[in-house]
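Okay, model_23.txt now, which holds compact mmCIF, C-alpha atoms:
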# COMPACT_ATOMS: atom_id res chain seq x y z
CA MET A 1 106.78 27.23 -4.93
CA PHE A 2 110.26 25.76 -4.74
CA ALA A 3 111.81 29.16 -3.99
CA ASP A 4 109.23 29.85 -1.27
CA PHE A 5 109.91 26.53 0.41
CA PHE A 6 113.67 26.93 0.11
CA VAL A 7 113.66 30.40 1.70
CA ILE A 8 111.43 29.18 4.54
CA LEU A 9 113.71 26.20 5.20
CA PHE A 10 116.80 28.41 4.90
CA ALA A 11 115.42 30.77 7.56
CA ALA A 12 114.47 27.83 9.81
CA HIS A 13 117.95 26.38 9.40
CA HIS A 14 119.70 29.57 10.45
CA LEU A 15 117.36 30.14 13.38
CA SER A 16 117.96 26.57 14.55
CA ASP A 17 121.73 26.58 14.03
CA TYR A 18 122.43 29.90 15.71
CA PRO A 19 119.95 31.54 18.13
CA LEU A 20 118.13 28.30 19.01
CA GLN A 21 121.17 26.04 19.46
CA THR A 22 122.43 25.84 23.03
CA ASP A 23 126.09 25.98 23.95
CA TYR A 24 125.72 22.47 25.34
CA GLN A 25 124.40 21.14 22.01
CA ALA A 26 127.14 22.88 20.04
CA LEU A 27 129.82 21.52 22.35
CA HIS A 28 128.59 17.92 22.58
CA LYS A 29 126.58 17.08 19.42
CA ALA A 30 129.54 15.29 17.81
CA ASP A 31 130.66 13.39 20.92
CA ARG A 32 130.74 9.64 20.46
CA THR A 33 128.80 9.03 23.64
CA ALA A 34 125.17 8.75 24.71
CA THR A 35 125.43 12.39 25.82
CA GLY A 36 126.64 13.32 22.35
CA TRP A 37 123.74 11.55 20.70
CA ARG A 38 121.25 13.24 23.04
CA ALA A 39 122.69 16.67 22.26
CA ASN A 40 122.77 15.85 18.55
CA LEU A 41 119.19 14.59 18.42
CA ALA A 42 117.91 17.50 20.49
CA HIS A 43 119.56 19.90 18.04
CA ALA A 44 118.19 18.01 15.01
CA GLY A 45 114.78 18.05 16.69
CA THR A 46 115.02 21.83 16.96
CA HIS A 47 115.59 21.93 13.20
CA VAL A 48 112.57 19.76 12.51
CA THR A 49 110.34 21.71 14.89
CA THR A 50 111.43 25.14 13.64
CA SER A 51 111.08 24.02 10.02
CA ALA A 52 107.61 22.62 10.71
CA VAL A 53 106.44 25.83 12.39
CA LEU A 54 107.79 28.09 9.64
CA LEU A 55 106.40 25.82 6.92
CA TRP A 56 102.99 25.87 8.61
CA LEU A 57 103.12 29.69 8.77
CA GLY A 58 104.24 29.87 5.15
CA ILE A 59 101.45 27.57 4.02
CA LEU A 60 98.93 29.55 6.04
CA ILE A 61 100.07 33.08 5.18
CA LEU A 62 101.39 32.61 1.65
CA ASP A 63 98.74 30.08 0.63
CA LEU A 64 101.39 27.54 -0.34
CA HIS A 65 100.37 23.98 -1.03
CA ALA A 66 102.29 20.99 0.30
CA SER A 67 101.14 17.42 0.61
CA ALA A 68 101.25 15.72 3.98
CA ALA A 69 103.55 13.03 2.57
CA GLY A 70 105.89 15.62 1.06
CA THR A 71 105.99 17.59 4.28
CA VAL A 72 106.72 14.52 6.42
CA ALA A 73 109.42 13.39 3.98
CA ALA A 74 111.04 16.84 3.88
CA LEU A 75 111.03 17.21 7.66
CA ALA A 76 112.42 13.70 8.14
CA TRP A 77 115.17 14.45 5.62
CA ILE A 78 116.04 17.70 7.39
CA GLY A 79 116.29 15.97 10.76
CA CYS A 80 118.28 12.98 9.53
CA SER A 81 120.66 14.88 7.25
CA HIS A 82 121.29 17.55 9.87
CA SER A 83 122.02 14.98 12.54
CA LEU A 84 124.46 13.09 10.32
CA ILE A 85 126.33 16.19 9.12
CA ASP A 86 126.61 17.50 12.68
CA ARG A 87 128.39 14.35 13.83
CA ARG A 88 131.30 16.19 12.16
CA TRP A 89 133.06 13.11 10.76
CA PRO A 90 131.36 13.42 7.33
CA VAL A 91 132.70 16.96 6.92
CA ARG A 92 136.16 15.96 8.15
CA TRP A 93 136.19 12.89 5.88
CA TRP A 94 135.18 14.99 2.87
CA MET A 95 137.83 17.61 3.50
CA GLU A 96 140.57 15.05 4.12
CA HIS A 97 139.72 13.16 0.92
CA THR A 98 139.22 16.08 -1.47
CA GLY A 99 142.44 17.99 -0.96
CA GLN A 100 141.15 20.40 1.68
CA THR A 101 143.36 19.46 4.64
CA SER A 102 144.85 22.95 4.87
CA TYR A 103 141.39 24.50 4.75
CA LEU A 104 140.29 22.04 7.47
CA ALA A 105 143.27 22.98 9.64
CA ASN A 106 142.49 26.68 9.21
CA GLY A 107 138.83 26.67 10.26
CA GLY A 108 137.14 25.73 7.01
CA ALA A 109 135.03 22.93 8.48
CA GLN A 110 132.29 25.30 9.62
CA TYR A 111 131.84 26.56 6.04
CA VAL A 112 131.80 23.09 4.50
CA ASP A 113 129.34 22.08 7.25
CA GLN A 114 126.97 24.88 6.25
CA ALA A 115 127.39 24.09 2.54
CA PHE A 116 126.43 20.48 3.25
CA HIS A 117 123.39 21.53 5.26
CA ILE A 118 122.20 23.80 2.46
CA GLY A 119 123.10 21.67 -0.55
CA LEU A 120 122.47 18.20 0.85
CA GLY A 121 119.80 18.98 3.45
CA LEU A 122 117.66 22.00 2.56
CA LEU A 123 117.79 21.76 -1.23
CA PRO A 124 116.43 18.18 -1.47
CA ALA A 125 113.80 18.99 1.19
CA ALA A 126 112.59 22.04 -0.76
CA VAL A 127 112.50 20.03 -4.00
CA THR A 128 110.46 17.34 -2.22
CA LEU A 129 107.97 19.90 -0.89
CA ALA A 130 107.56 21.53 -4.30
CA ALA A 131 107.30 18.26 -6.22
CA MET A 132 104.84 16.34 -4.04

Translate this file's structure into structure tokens.
Amino acid sequence: MFADFFVILFAAHHLSDYPLQTDYQALHKADRTATGWRANLAHAGTHVTTSAVLLWLGILILDLHASAAGTVAALAWIGCSHSLIDRRWPVRWWMEHTGQTSYLANGGAQYVDQAFHIGLGLLPAAVTLAAM
């Protein structure tokens, strides 16, 4: 079931990060203002909602089994981790402290951002869903 959950969350992530993210959210989600937080939380909420809908469809159609506690924990993790990563400072901090300053200066942040979302956001959420 882990693979099923991971693929569902992976699809939800890409839907939420690309076709469902507004230009306004993309432009302001890292701003250190109330507007920035609103944009960030609206975008994270899109991730939680899209993930919940696709998980519900997966459970219904594929006859997957997930506990309520596991589902709530996974969705909370997706929302919180996505929000934090999208503040952009964690990605910048990582790249500046791991010898990736040239990669950062040449557009690499978007790739590290996606790696963080997958490895630190989706992977633990899928493990939680499969284990609980």

Item to check | Nearest-residue call for Tyr18 in chain A, choices A:Gly107, A:Met1, A:Ala125, A:His43, using only C-alpha atoms | outcome: A:His43

Item to check | Nearest-residue call for Thr46 in chain A, choices A:Val7, A:Ala109, A:Ile78, A:Ile61, using all atoms listed in the file | outcome: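 Closest residue, counting all atoms listed in the file: A:Ile78.
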
Would you kindly return, as a JSON list (two decimals) with C-alpha atoms, in the coordinates of the input, each protein, DNA or RNA residue with an atom no farther than 12 Å from any atom of range 90-92 of chain A, considering only C-alpha atoms and excluding same-chain residues fewer than 2 positions away?
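And here's part.json as it stands now:
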[["chain", "number", "residue", "atom", "x", "y", "z"],
["A", 30, "ALA", "CA", 129.54, 15.29, 17.81],
["A", 81, "SER", "CA", 120.66, 14.88, 7.25],
["A", 82, "HIS", "CA", 121.29, 17.55, 9.87],
["A", 83, "SER", "CA", 122.02, 14.98, 12.54],
["A", 84, "LEU", "CA", 124.46, 13.09, 10.32],
["A", 85, "ILE", "CA", 126.33, 16.19, 9.12],
["A", 86, "ASP", "CA", 126.61, 17.50, 12.68],
["A", 87, "ARG", "CA", 128.39, 14.35, 13.83],
["A", 88, "ARG", "CA", 131.30, 16.19, 12.16],
["A", 94, "TRP", "CA", 135.18, 14.99, 2.87],
["A", 95, "MET", "CA", 137.83, 17.61, 3.50],
["A", 96, "GLU", "CA", 140.57, 15.05, 4.12],
["A", 97, "HIS", "CA", 139.72, 13.16, 0.92],
["A", 98, "THR", "CA", 139.22, 16.08, -1.47],
["A", 99, "GLY", "CA", 142.44, 17.99, -0.96],
["A", 100, "GLN", "CA", 141.15, 20.40, 1.68],
["A", 101, "THR", "CA", 143.36, 19.46, 4.64],
["A", 102, "SER", "CA", 144.85, 22.95, 4.87],
["A", 103, "TYR", "CA", 141.39, 24.50, 4.75],
["A", 104, "LEU", "CA", 140.29, 22.04, 7.47],
["A", 105, "ALA", "CA", 143.27, 22.98, 9.64],
["A", 107, "GLY", "CA", 138.83, 26.67, 10.26],
["A", 108, "GLY", "CA", 137.14, 25.73, 7.01],
["A", 109, "ALA", "CA", 135.03, 22.93, 8.48],
["A", 110, "GLN", "CA", 132.29, 25.30, 9.62],
["A", 111, "TYR", "CA", 131.84, 26.56, 6.04],
["A", 112, "VAL", "CA", 131.80, 23.09, 4.50],
["A", 113, "ASP", "CA", 129.34, 22.08, 7.25],
["A", 114, "GLN", "CA", 126.97, 24.88, 6.25],
["A", 115, "ALA", "CA", 127.39, 24.09, 2.54],
["A", 116, "PHE", "CA", 126.43, 20.48, 3.25],
["A", 117, "HIS", "CA", 123.39, 21.53, 5.26],
["A", 120, "LEU", "CA", 122.47, 18.20, 0.85]]

Show which residues sit within 10 Å of Tyr24 in chain A, as a JSON list (two decimals) with C-alpha atoms, in the frame of the given file. Count only C-alpha atoms, and ignore same-chain residues fewer than 2 positions away.
[["chain", "number", "residue", "atom", "x", "y", "z"],
["A", 21, "GLN", "CA", 121.17, 26.04, 19.46],
["A", 22, "THR", "CA", 122.43, 25.84, 23.03],
["A", 26, "ALA", "CA", 127.14, 22.88, 20.04],
["A", 27, "LEU", "CA", 129.82, 21.52, 22.35],
["A", 28, "HIS", "CA", 128.59, 17.92, 22.58],
["A", 29, "LYS", "CA", 126.58, 17.08, 19.42],
["A", 36, "GLY", "CA", 126.64, 13.32, 22.35],
["A", 39, "ALA", "CA", 122.69, 16.67, 22.26],
["A", 40, "ASN", "CA", 122.77, 15.85, 18.55],
["A", 43, "HIS", "CA", 119.56, 19.90, 18.04]]

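Taking CA of Ser51 in chain A and CA of Ala12 in chain A as endpoints, the distance between them is 5.1 Å.
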
Next on the checklist: Residues within 6 Å of (112.4, 18.1, 12.6), file coordinates, counting all atoms listed in the file: what are they? Give the list as an MDAnalysis selection string.
Outcome noted: chainID A and resid 45 47:49 75 79

Checklist entry - Quick one, how far is CA of Leu129 in chain A from CA of Ala74 in chain A? => result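 Straight-line distance from CA of Leu129 in chain A to CA of Ala74 in chain A works out to 6.4 Å.
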
Item to check | Coordinates-based distance that separates CA of Pro124 in chain A from CA of Ala66 in chain A (Å, one decimal) | outcome: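 If I compute the distance from CA of Ala66 in chain A to CA of Pro124 in chain A, I get 14.5 Å.
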
Item to check | Among listed residues A:Leu20, A:Ala76, A:Leu64, A:Ala44, nearest Phe2 in chain A (using all atoms listed in the file) | outcome: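 The answer is A:Leu64, which sits nearest to Phe2 in chain A.
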
Item to check | Proximity to Trp77 in chain A - best of A:Leu123, A:Ala130, A:Val53, A:Ile8, only C-alpha atoms | outcome: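 For Trp77 in chain A, the nearest of the candidates is A:Leu123.
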
Item to check | Using only C-alpha atoms: which of A:Leu122, A:Ala34, A:Ala42, A:Leu55 has the shortest distance to Thr71 in chain A | outcome: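 Once distances to Thr71 in chain A are computed over only C-alpha atoms, the minimum belongs to A:Leu55.
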